[in-house]
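Visitor: My structure is below; once you've seen it, I'll send some questions.
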Amino acid sequence: MSWVYLIILVTLGVMFFTDGGRTIGDSQMKRASYSNFKVYVDRGYAQRVIVNKSESKLRMYVYSANVRDVFHQSKKQTGMDPYVEVTYGSVDQLEQFLNAEKAAGKFKGELTYETETRNGLVDLLFSIAPVAFFVFLWFFVMNRMGGGGGSGMGGVFSVGRSKAKVYDKGNDLGITFKDVAGQVGAKQEVQEIVEFLKNPKKYTDLGGKIPKGALLVGPPGTGKTLLAKAVAGEAEVPFFSMSGSDFVEMFVGVGASRVRDTFNKAKEKAPSILFIDEIDAIGRARSHNPGYGGNDERENTLNALLTEMDGFGTNSGVIILAATNRVDMLDKALLRAGRFDRQIHVDLPDLPERKAIFEVHLRPIKIDQSLDIDLLARQTPGFSGADIANVCNEAALIAARHDRQVVGKQDFLDAVDRIIAGLEKKTKVMTRDEKRAIALHEAGHATISWFCQHANPLVKVSIVPRGRALGAAWYLPEERQLTTKEQLLDEMCSLLGGRAAEELCTGHISTGAMNDLERSTKMAQSMIAIYGMSEKLPNICYYENTDYNFTKPYSETTARLIDEEVLKMINEQYARAKQILDEHKEGHNALALLLIQREVIFAEDVEKIFGPRPWASRAQEIIEKNEEMPAETAVDTPSDEPK
């Protein structure tokens with residue numbers, strides 16, 4: 001609508017401030033002097049003349065043959081009846097001139113008179129309308145700049161006001177700690193804040209002080225914002241909620257003004273809670289070179305936030321909660337004690353927490369009574385709370401697609417596969433050679449993982465295309481806090497098994513191993529440059545946790561040595577993969593043939609071909625301890641974009 005208003009404004013301005021070139025109906029008008037008018041008549045251009053005595057003006061209409069001589073345009077451009085408007089001095093002199101021209105045979109047209117009278121009210125409206133329009137436009141723009149909160153000129157001053165949503169009673173959100181499954185440690189810390197607001201005497205009698213601020217840190221989808229909503233629902237105090245981007249504005253100084261206004265409103269309703277979501281939008285670390293960036297508006301906003309949180313003035317009664325998944329980007333002054341006294345880590349849920357999250361999201365879903373929630377929790381290692389909610393919703397959609405009355409186990413398993421690898425594309429056209437190459441590739445992964453001690457136990461292999469992946473393998477990963485060099489090497493060998501199988505069996509390699517090569521290369525680089533697992537560069541870490549590191553922390557000689565060690569490590573594991581495949585050539589071919597026939601095979605089918613896995617006891621131990629079950633760890637893509 002702003003563009004529409006601008007076009008209307010420009011059009012009215014042109015019409016009001018310019019007179020030349022305007023048209024009446026289909027006729028074009030041209031202003032001319034009285035002397036030019038006499039020249040036109042003398043040359044025989046005048047077809048007829050209409051005189052308006054009240055305005056002392058006349059209109060001379062031109063013959064069609066003389067239009068170009070007068071207007072310097074064609075008949076199509078000037079319209080059907082173009083004319084020249086002239087202001088004259090005396091009617092008597094005009095009549096004498098036209099009579100003389102008619103006697104000389106140069107004016108053969110008619111001379112007529114007309115009288116135009118305008119209503120005084122109409123004249124007044126014509127004169128006031130442009131001014132009224134500009135006044136209306138000014139008031140409208142000022143109201144829009146003020147967000148509708150002000151009227152007239154006062155609206156422009158409201159641009160610096162706070163945009164925080166205020167909940168005088170947090171339970172209006174309808175979310176409590178019962179709706180937050182898992183995250184026992186995080187809930188315990190924020191519950192202490194709620195308890196202090198409800199019963200402050202319990203803490204102040206012992207001389208304790210409530211933390212001024214708490215920062216919720218964790219990966220996306222783990223429930224940081226949900227936890228803040230639960231605090232609002234339990235605390236029963238005014239709750240102010242806004243995003244870090246709400247402080248950002250195109251006008252200079254608005255961010256700092258909104259920070260001050262937000263804190264002033266929170267102090268007026270103290271005790272209260274102020275929640276800032278995605279605080280990294282305004283809390284990023286300040287640059288060491290102030291002149292590097294042309295705009296320091298974000299830094300001014302951050303300085304205002306630092307002052308309000310713990311500056312020279314008092315900030316009693318306001319507890320600040322903030323959430324971010326990029327704590328490494330925040331300014332150190334923002335993280336110090338006195339501003340954010342606590343950093344509450346909201347991590348990815350473990351097995352018991354995933355089970356509790358499933359129980360929360362399964363409440364509104366009609367599920368089969370025989371559904372094993374423990375199985376679902378084991379099927380989703382590494383899933384966040386948002387991912388689990390997506391699994392439950394996707395399972396319900398799949399069940400509805402198949403016209404089922406309840407959501408069963410297979411629907412949830414299909415939903416997990418759908419989220420991890422994408423939708424099945426059974427109709428995707430592949431040649432016989434492509435299907436054989438994919439089967440050999442996936443069978444290579446399965447064979448290597450079967451005979452490597454530290455590789456994740458296999459669960460399922462599929463050559464049905466999903467998303468951009470042409471094949472996929474599901475494994476039985478073990479959650480561990482520490483990973484040894486031997487475990488990493490076995491995983492790398494398993495990743496390279498697909499390409500090794502292609503080269504051994506077909507004599508050529510394809511683009512299907514691009515994702516495997518990318519993962520194995522990054523793994524080797526991390527082992528050498530970060531974890532110090534190299535023979536030539538042992539016990540050295542070149543990792544630097546900085547966002548603006550434009551130089552490498554090592555010399556060019558060391559960089560060349562790192563590249564050589566990475567290449568050596570990958571080549572060793574690639575040769576090892578080919579050796580294992582060569583030793584079990586018959587079983588690998590049988591596994592690939594079975595994949596071509598069935599398209600999906602399970603660990604039981606692999607066991608029938610190779611026999612019991614040498615390290616099966618460890619996999620069984622994982623299952624018995626209710627640790628992790630299937631997660632897809634190998635996805636092969638044929639294009640340049642990895643899955």
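How things are named: the first chain in the structure tokens is A, the next is B, and so on; residues count from 1 in each chain; ligands count from 1 in the order shown.
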Would you list the contacts of Met309 of chain A as a PDB file with N, CA, C and O atoms, in the first residue's frame, taking every protein, DNA or RNA residue within 12 Å and counting only C-alpha atoms, but skipping same-chain residues closer than 3 positions in sequence?
Guide:
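Writing the result to around_22.pdb gives the following:
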ATOM      1  N   PRO A 211      19.412 -15.402  41.677  1.00  0.00           N
ATOM      2  CA  PRO A 211      20.202 -15.004  40.502  1.00  0.00           C
ATOM      3  C   PRO A 211      19.477 -13.940  39.688  1.00  0.00           C
ATOM      4  O   PRO A 211      18.267 -14.010  39.475  1.00  0.00           O
ATOM      5  N   LYS A 212      20.232 -12.956  39.219  1.00  0.00           N
ATOM      6  CA  LYS A 212      19.626 -11.878  38.439  1.00  0.00           C
ATOM      7  C   LYS A 212      19.201 -12.341  37.057  1.00  0.00           C
ATOM      8  O   LYS A 212      18.282 -11.779  36.471  1.00  0.00           O
ATOM      9  N   GLY A 213      19.899 -13.320  36.543  1.00  0.00           N
ATOM     10  CA  GLY A 213      19.567 -13.769  35.204  1.00  0.00           C
ATOM     11  C   GLY A 213      19.957 -15.209  34.990  1.00  0.00           C
ATOM     12  O   GLY A 213      20.880 -15.728  35.638  1.00  0.00           O
ATOM     13  N   ALA A 214      19.262 -15.874  34.097  1.00  0.00           N
ATOM     14  CA  ALA A 214      19.554 -17.268  33.745  1.00  0.00           C
ATOM     15  C   ALA A 214      19.517 -17.381  32.232  1.00  0.00           C
ATOM     16  O   ALA A 214      18.575 -16.904  31.583  1.00  0.00           O
ATOM     17  N   VAL A 259      15.227  -1.037  24.768  1.00  0.00           N
ATOM     18  CA  VAL A 259      15.776  -1.755  25.926  1.00  0.00           C
ATOM     19  C   VAL A 259      15.414  -1.025  27.211  1.00  0.00           C
ATOM     20  O   VAL A 259      14.931  -1.628  28.188  1.00  0.00           O
ATOM     21  N   ARG A 260      15.636   0.274  27.245  1.00  0.00           N
ATOM     22  CA  ARG A 260      15.330   1.047  28.450  1.00  0.00           C
ATOM     23  C   ARG A 260      13.843   1.031  28.761  1.00  0.00           C
ATOM     24  O   ARG A 260      13.439   0.885  29.926  1.00  0.00           O
ATOM     25  N   THR A 262      11.654  -1.284  27.935  1.00  0.00           N
ATOM     26  CA  THR A 262      11.263  -2.622  28.388  1.00  0.00           C
ATOM     27  C   THR A 262      11.593  -2.823  29.860  1.00  0.00           C
ATOM     28  O   THR A 262      10.767  -3.314  30.645  1.00  0.00           O
ATOM     29  N   PHE A 263      12.791  -2.425  30.259  1.00  0.00           N
ATOM     30  CA  PHE A 263      13.177  -2.596  31.661  1.00  0.00           C
ATOM     31  C   PHE A 263      12.379  -1.680  32.583  1.00  0.00           C
ATOM     32  O   PHE A 263      12.063  -2.060  33.711  1.00  0.00           O
ATOM     33  N   ASN A 264      12.048  -0.468  32.118  1.00  0.00           N
ATOM     34  CA  ASN A 264      11.236   0.415  32.952  1.00  0.00           C
ATOM     35  C   ASN A 264       9.858  -0.181  33.210  1.00  0.00           C
ATOM     36  O   ASN A 264       9.335  -0.120  34.332  1.00  0.00           O
ATOM     37  N   ALA A 266       9.146  -3.380  33.158  1.00  0.00           N
ATOM     38  CA  ALA A 266       9.313  -4.546  34.025  1.00  0.00           C
ATOM     39  C   ALA A 266       9.516  -4.126  35.475  1.00  0.00           C
ATOM     40  O   ALA A 266       9.014  -4.778  36.404  1.00  0.00           O
ATOM     41  N   LYS A 267      10.239  -2.999  35.696  1.00  0.00           N
ATOM     42  CA  LYS A 267      10.446  -2.516  37.068  1.00  0.00           C
ATOM     43  C   LYS A 267       9.150  -2.018  37.684  1.00  0.00           C
ATOM     44  O   LYS A 267       8.938  -2.162  38.893  1.00  0.00           O
ATOM     45  N   LEU A 274      11.525 -11.140  32.770  1.00  0.00           N
ATOM     46  CA  LEU A 274      11.721 -10.656  31.399  1.00  0.00           C
ATOM     47  C   LEU A 274      12.438 -11.743  30.609  1.00  0.00           C
ATOM     48  O   LEU A 274      13.551 -12.136  30.958  1.00  0.00           O
ATOM     49  N   LEU A 302      23.424  -3.337  22.622  1.00  0.00           N
ATOM     50  CA  LEU A 302      24.049  -4.230  23.593  1.00  0.00           C
ATOM     51  C   LEU A 302      24.540  -3.457  24.816  1.00  0.00           C
ATOM     52  O   LEU A 302      24.377  -3.915  25.958  1.00  0.00           O
ATOM     53  N   ASN A 303      25.132  -2.292  24.601  1.00  0.00           N
ATOM     54  CA  ASN A 303      25.600  -1.489  25.736  1.00  0.00           C
ATOM     55  C   ASN A 303      24.443  -1.083  26.639  1.00  0.00           C
ATOM     56  O   ASN A 303      24.573  -1.093  27.876  1.00  0.00           O
ATOM     57  N   ALA A 304      23.312  -0.720  26.033  1.00  0.00           N
ATOM     58  CA  ALA A 304      22.137  -0.378  26.836  1.00  0.00           C
ATOM     59  C   ALA A 304      21.644  -1.584  27.623  1.00  0.00           C
ATOM     60  O   ALA A 304      21.247  -1.465  28.800  1.00  0.00           O
ATOM     61  N   LEU A 305      21.680  -2.766  27.005  1.00  0.00           N
ATOM     62  CA  LEU A 305      21.253  -3.985  27.699  1.00  0.00           C
ATOM     63  C   LEU A 305      22.184  -4.308  28.869  1.00  0.00           C
ATOM     64  O   LEU A 305      21.725  -4.680  29.957  1.00  0.00           O
ATOM     65  N   LEU A 306      23.483  -4.156  28.669  1.00  0.00           N
ATOM     66  CA  LEU A 306      24.443  -4.415  29.746  1.00  0.00           C
ATOM     67  C   LEU A 306      24.222  -3.464  30.918  1.00  0.00           C
ATOM     68  O   LEU A 306      24.289  -3.860  32.082  1.00  0.00           O
ATOM     69  N   PHE A 312      25.085   0.994  36.900  1.00  0.00           N
ATOM     70  CA  PHE A 312      25.218   1.801  38.105  1.00  0.00           C
ATOM     71  C   PHE A 312      23.895   1.893  38.853  1.00  0.00           C
ATOM     72  O   PHE A 312      23.872   2.036  40.064  1.00  0.00           O
ATOM     73  N   GLY A 313      22.792   1.840  38.115  1.00  0.00           N
ATOM     74  CA  GLY A 313      21.494   1.926  38.758  1.00  0.00           C
ATOM     75  C   GLY A 313      21.055   0.580  39.311  1.00  0.00           C
ATOM     76  O   GLY A 313      21.711  -0.453  39.170  1.00  0.00           O
ATOM     77  N   THR A 314      19.899   0.581  39.966  1.00  0.00           N
ATOM     78  CA  THR A 314      19.366  -0.641  40.560  1.00  0.00           C
ATOM     79  C   THR A 314      18.405  -1.300  39.589  1.00  0.00           C
ATOM     80  O   THR A 314      17.738  -0.643  38.801  1.00  0.00           O
ATOM     81  N   ASN A 315      18.330  -2.604  39.691  1.00  0.00           N
ATOM     82  CA  ASN A 315      17.438  -3.372  38.828  1.00  0.00           C
ATOM     83  C   ASN A 315      16.768  -4.452  39.663  1.00  0.00           C
ATOM     84  O   ASN A 315      16.715  -5.610  39.290  1.00  0.00           O
ATOM     85  N   SER A 316      16.293  -4.071  40.828  1.00  0.00           N
ATOM     86  CA  SER A 316      15.754  -5.036  41.777  1.00  0.00           C
ATOM     87  C   SER A 316      14.379  -5.494  41.325  1.00  0.00           C
ATOM     88  O   SER A 316      13.589  -4.721  40.797  1.00  0.00           O
ATOM     89  N   GLY A 317      14.132  -6.771  41.578  1.00  0.00           N
ATOM     90  CA  GLY A 317      12.811  -7.318  41.323  1.00  0.00           C
ATOM     91  C   GLY A 317      12.582  -7.802  39.917  1.00  0.00           C
ATOM     92  O   GLY A 317      11.504  -8.319  39.617  1.00  0.00           O
ATOM     93  N   VAL A 318      13.543  -7.661  39.005  1.00  0.00           N
ATOM     94  CA  VAL A 318      13.384  -8.119  37.619  1.00  0.00           C
ATOM     95  C   VAL A 318      14.364  -9.258  37.377  1.00  0.00           C
ATOM     96  O   VAL A 318      15.580  -9.085  37.496  1.00  0.00           O
ATOM     97  N   ILE A 319      13.834 -10.418  37.070  1.00  0.00           N
ATOM     98  CA  ILE A 319      14.650 -11.588  36.753  1.00  0.00           C
ATOM     99  C   ILE A 319      14.650 -11.770  35.240  1.00  0.00           C
ATOM    100  O   ILE A 319      13.596 -11.736  34.600  1.00  0.00           O
ATOM    101  N   ILE A 320      15.827 -11.940  34.684  1.00  0.00           N
ATOM    102  CA  ILE A 320      15.974 -12.000  33.232  1.00  0.00           C
ATOM    103  C   ILE A 320      16.245 -13.436  32.814  1.00  0.00           C
ATOM    104  O   ILE A 320      17.175 -14.079  33.314  1.00  0.00           O
ATOM    105  N   LEU A 321      15.427 -13.935  31.913  1.00  0.00           N
ATOM    106  CA  LEU A 321      15.657 -15.224  31.266  1.00  0.00           C
ATOM    107  C   LEU A 321      15.973 -14.961  29.801  1.00  0.00           C
ATOM    108  O   LEU A 321      15.365 -14.087  29.178  1.00  0.00           O
ATOM    109  N   ALA A 333      31.056  -9.800  28.347  1.00  0.00           N
ATOM    110  CA  ALA A 333      30.477  -8.952  29.385  1.00  0.00           C
ATOM    111  C   ALA A 333      29.035  -9.331  29.686  1.00  0.00           C
ATOM    112  O   ALA A 333      28.543  -9.100  30.792  1.00  0.00           O
ATOM    113  N   LEU A 334      28.354  -9.907  28.711  1.00  0.00           N
ATOM    114  CA  LEU A 334      26.971 -10.326  28.916  1.00  0.00           C
ATOM    115  C   LEU A 334      26.879 -11.596  29.746  1.00  0.00           C
ATOM    116  O   LEU A 334      25.872 -11.841  30.424  1.00  0.00           O
ATOM    117  N   LEU A 335      27.921 -12.421  29.709  1.00  0.00           N
ATOM    118  CA  LEU A 335      27.888 -13.722  30.377  1.00  0.00           C
ATOM    119  C   LEU A 335      28.439 -13.681  31.792  1.00  0.00           C
ATOM    120  O   LEU A 335      28.401 -14.693  32.493  1.00  0.00           O
ATOM    121  N   ARG A 336      28.979 -12.560  32.208  1.00  0.00           N
ATOM    122  CA  ARG A 336      29.625 -12.536  33.515  1.00  0.00           C
ATOM    123  C   ARG A 336      28.598 -12.632  34.627  1.00  0.00           C
ATOM    124  O   ARG A 336      27.400 -12.368  34.440  1.00  0.00           O
ATOM    125  N   ALA A 337      29.075 -13.015  35.825  1.00  0.00           N
ATOM    126  CA  ALA A 337      28.216 -13.085  37.000  1.00  0.00           C
ATOM    127  C   ALA A 337      27.695 -11.693  37.327  1.00  0.00           C
ATOM    128  O   ALA A 337      28.411 -10.699  37.239  1.00  0.00           O
ATOM    129  N   GLY A 338      26.441 -11.630  37.728  1.00  0.00           N
ATOM    130  CA  GLY A 338      25.793 -10.351  37.974  1.00  0.00           C
ATOM    131  C   GLY A 338      24.826  -9.983  36.872  1.00  0.00           C
ATOM    132  O   GLY A 338      23.929  -9.175  37.086  1.00  0.00           O
ATOM    133  N   ARG A 339      25.037 -10.560  35.721  1.00  0.00           N
ATOM    134  CA  ARG A 339      24.079 -10.390  34.626  1.00  0.00           C
ATOM    135  C   ARG A 339      23.371 -11.724  34.385  1.00  0.00           C
ATOM    136  O   ARG A 339      22.193 -11.855  34.639  1.00  0.00           O
ATOM    137  N   PHE A 340      24.119 -12.682  33.870  1.00  0.00           N
ATOM    138  CA  PHE A 340      23.584 -14.046  33.791  1.00  0.00           C
ATOM    139  C   PHE A 340      24.389 -14.896  34.757  1.00  0.00           C
ATOM    140  O   PHE A 340      25.475 -15.375  34.443  1.00  0.00           O
ATOM    141  N   ASP A 341      23.853 -15.044  35.960  1.00  0.00           N
ATOM    142  CA  ASP A 341      24.565 -15.804  36.986  1.00  0.00           C
ATOM    143  C   ASP A 341      24.587 -17.292  36.668  1.00  0.00           C
ATOM    144  O   ASP A 341      25.459 -18.008  37.147  1.00  0.00           O
TER     145      ASP A 341
END
Visitor: Taking 5 positions as the minimum chain separation for residues in the same chain, which residues sit within 12 Å of Arg432 of chain A when counting only C-alpha atoms? Answer as a PyMOL selection string.
Guide: chain A and resi 437-439+596-597
Visitor: For the selection you just gave me, I'd like the residues written to a file as a PDB file, in the first residue's frame, keeping C-alpha atoms.
Guide:
ATOM      1  CA  ALA A 437      25.901 -50.571  -8.427  1.00  0.00           C
ATOM      2  CA  ILE A 438      23.766 -49.236  -5.556  1.00  0.00           C
ATOM      3  CA  ALA A 439      23.249 -52.750  -4.185  1.00  0.00           C
ATOM      4  CA  ILE A 596      18.478 -56.494  -5.659  1.00  0.00           C
ATOM      5  CA  GLN A 597      15.729 -59.068  -5.114  1.00  0.00           C
TER       6      GLN A 597
END
Visitor: Within segment 342-506 of chain A, find each residue whose DSSP state, derived from the backbone, is helix (DSSP H, G or I), and express the selection as an MDAnalysis selection string.
Guide: chainID A and resid 351:361 373:379 385:401 409:421 432:451 485:506
Visitor: Leaving out Ser35 of chain A and any residue of its chain fewer than 5 positions from it, which residues lie within 12 Å of it when counting only C-alpha atoms, given as a PyMOL selection string?
Guide: chain A and resi 40-42+86-89+94+97
Visitor: Just write the chosen residues, N, CA, C and O atoms, as a tab-separated table (two decimals), in the first residue's frame.
Guide:
chain	number	residue	atom	x	y	z
A	40	TYR	N	-1.28	32.27	-36.31
A	40	TYR	CA	-2.01	31.06	-36.70
A	40	TYR	C	-3.22	31.41	-37.57
A	40	TYR	O	-3.50	30.75	-38.58
A	41	VAL	N	-3.96	32.46	-37.19
A	41	VAL	CA	-5.15	32.84	-37.95
A	41	VAL	C	-4.76	33.37	-39.32
A	41	VAL	O	-5.40	33.08	-40.34
A	42	ASP	N	-3.68	34.17	-39.34
A	42	ASP	CA	-3.23	34.75	-40.60
A	42	ASP	C	-2.80	33.67	-41.60
A	42	ASP	O	-2.94	33.84	-42.81
A	86	VAL	N	-5.78	30.87	-25.57
A	86	VAL	CA	-5.11	32.18	-25.65
A	86	VAL	C	-5.84	33.15	-24.71
A	86	VAL	O	-7.08	33.14	-24.63
A	87	THR	N	-5.09	33.96	-24.03
A	87	THR	CA	-5.66	35.04	-23.20
A	87	THR	C	-5.60	36.34	-24.00
A	87	THR	O	-4.53	36.75	-24.46
A	88	TYR	N	-6.75	36.98	-24.17
A	88	TYR	CA	-6.82	38.19	-24.97
A	88	TYR	C	-7.07	39.39	-24.05
A	88	TYR	O	-7.47	39.24	-22.89
A	89	GLY	N	-6.91	40.58	-24.63
A	89	GLY	CA	-7.09	41.79	-23.83
A	89	GLY	C	-8.45	42.43	-24.01
A	89	GLY	O	-9.18	42.65	-23.05
A	94	LEU	N	-10.36	42.01	-30.68
A	94	LEU	CA	-10.40	40.63	-31.17
A	94	LEU	C	-11.38	40.50	-32.33
A	94	LEU	O	-11.09	39.88	-33.36
A	97	PHE	N	-10.01	42.17	-35.48
A	97	PHE	CA	-8.97	41.36	-36.11
A	97	PHE	C	-9.56	40.18	-36.88
A	97	PHE	O	-9.20	39.92	-38.04
Visitor: Would you mind telling me which residue in A:Arg31, A:Glu583, A:Asp331, A:Arg613 lies nearest to Asn456 of chain A when using only C-alpha atoms?
Guide: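 Closest to Asn456 of chain A, using only C-alpha atoms: A:Arg613.
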Visitor: Calculated over only C-alpha atoms, which of the candidates A:Thr11, A:Asn36, A:Gln405, A:Asn589 has the smallest distance to Asp368 of chain A?
Guide: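 Smallest distance to Asp368 of chain A is found for A:Gln405.
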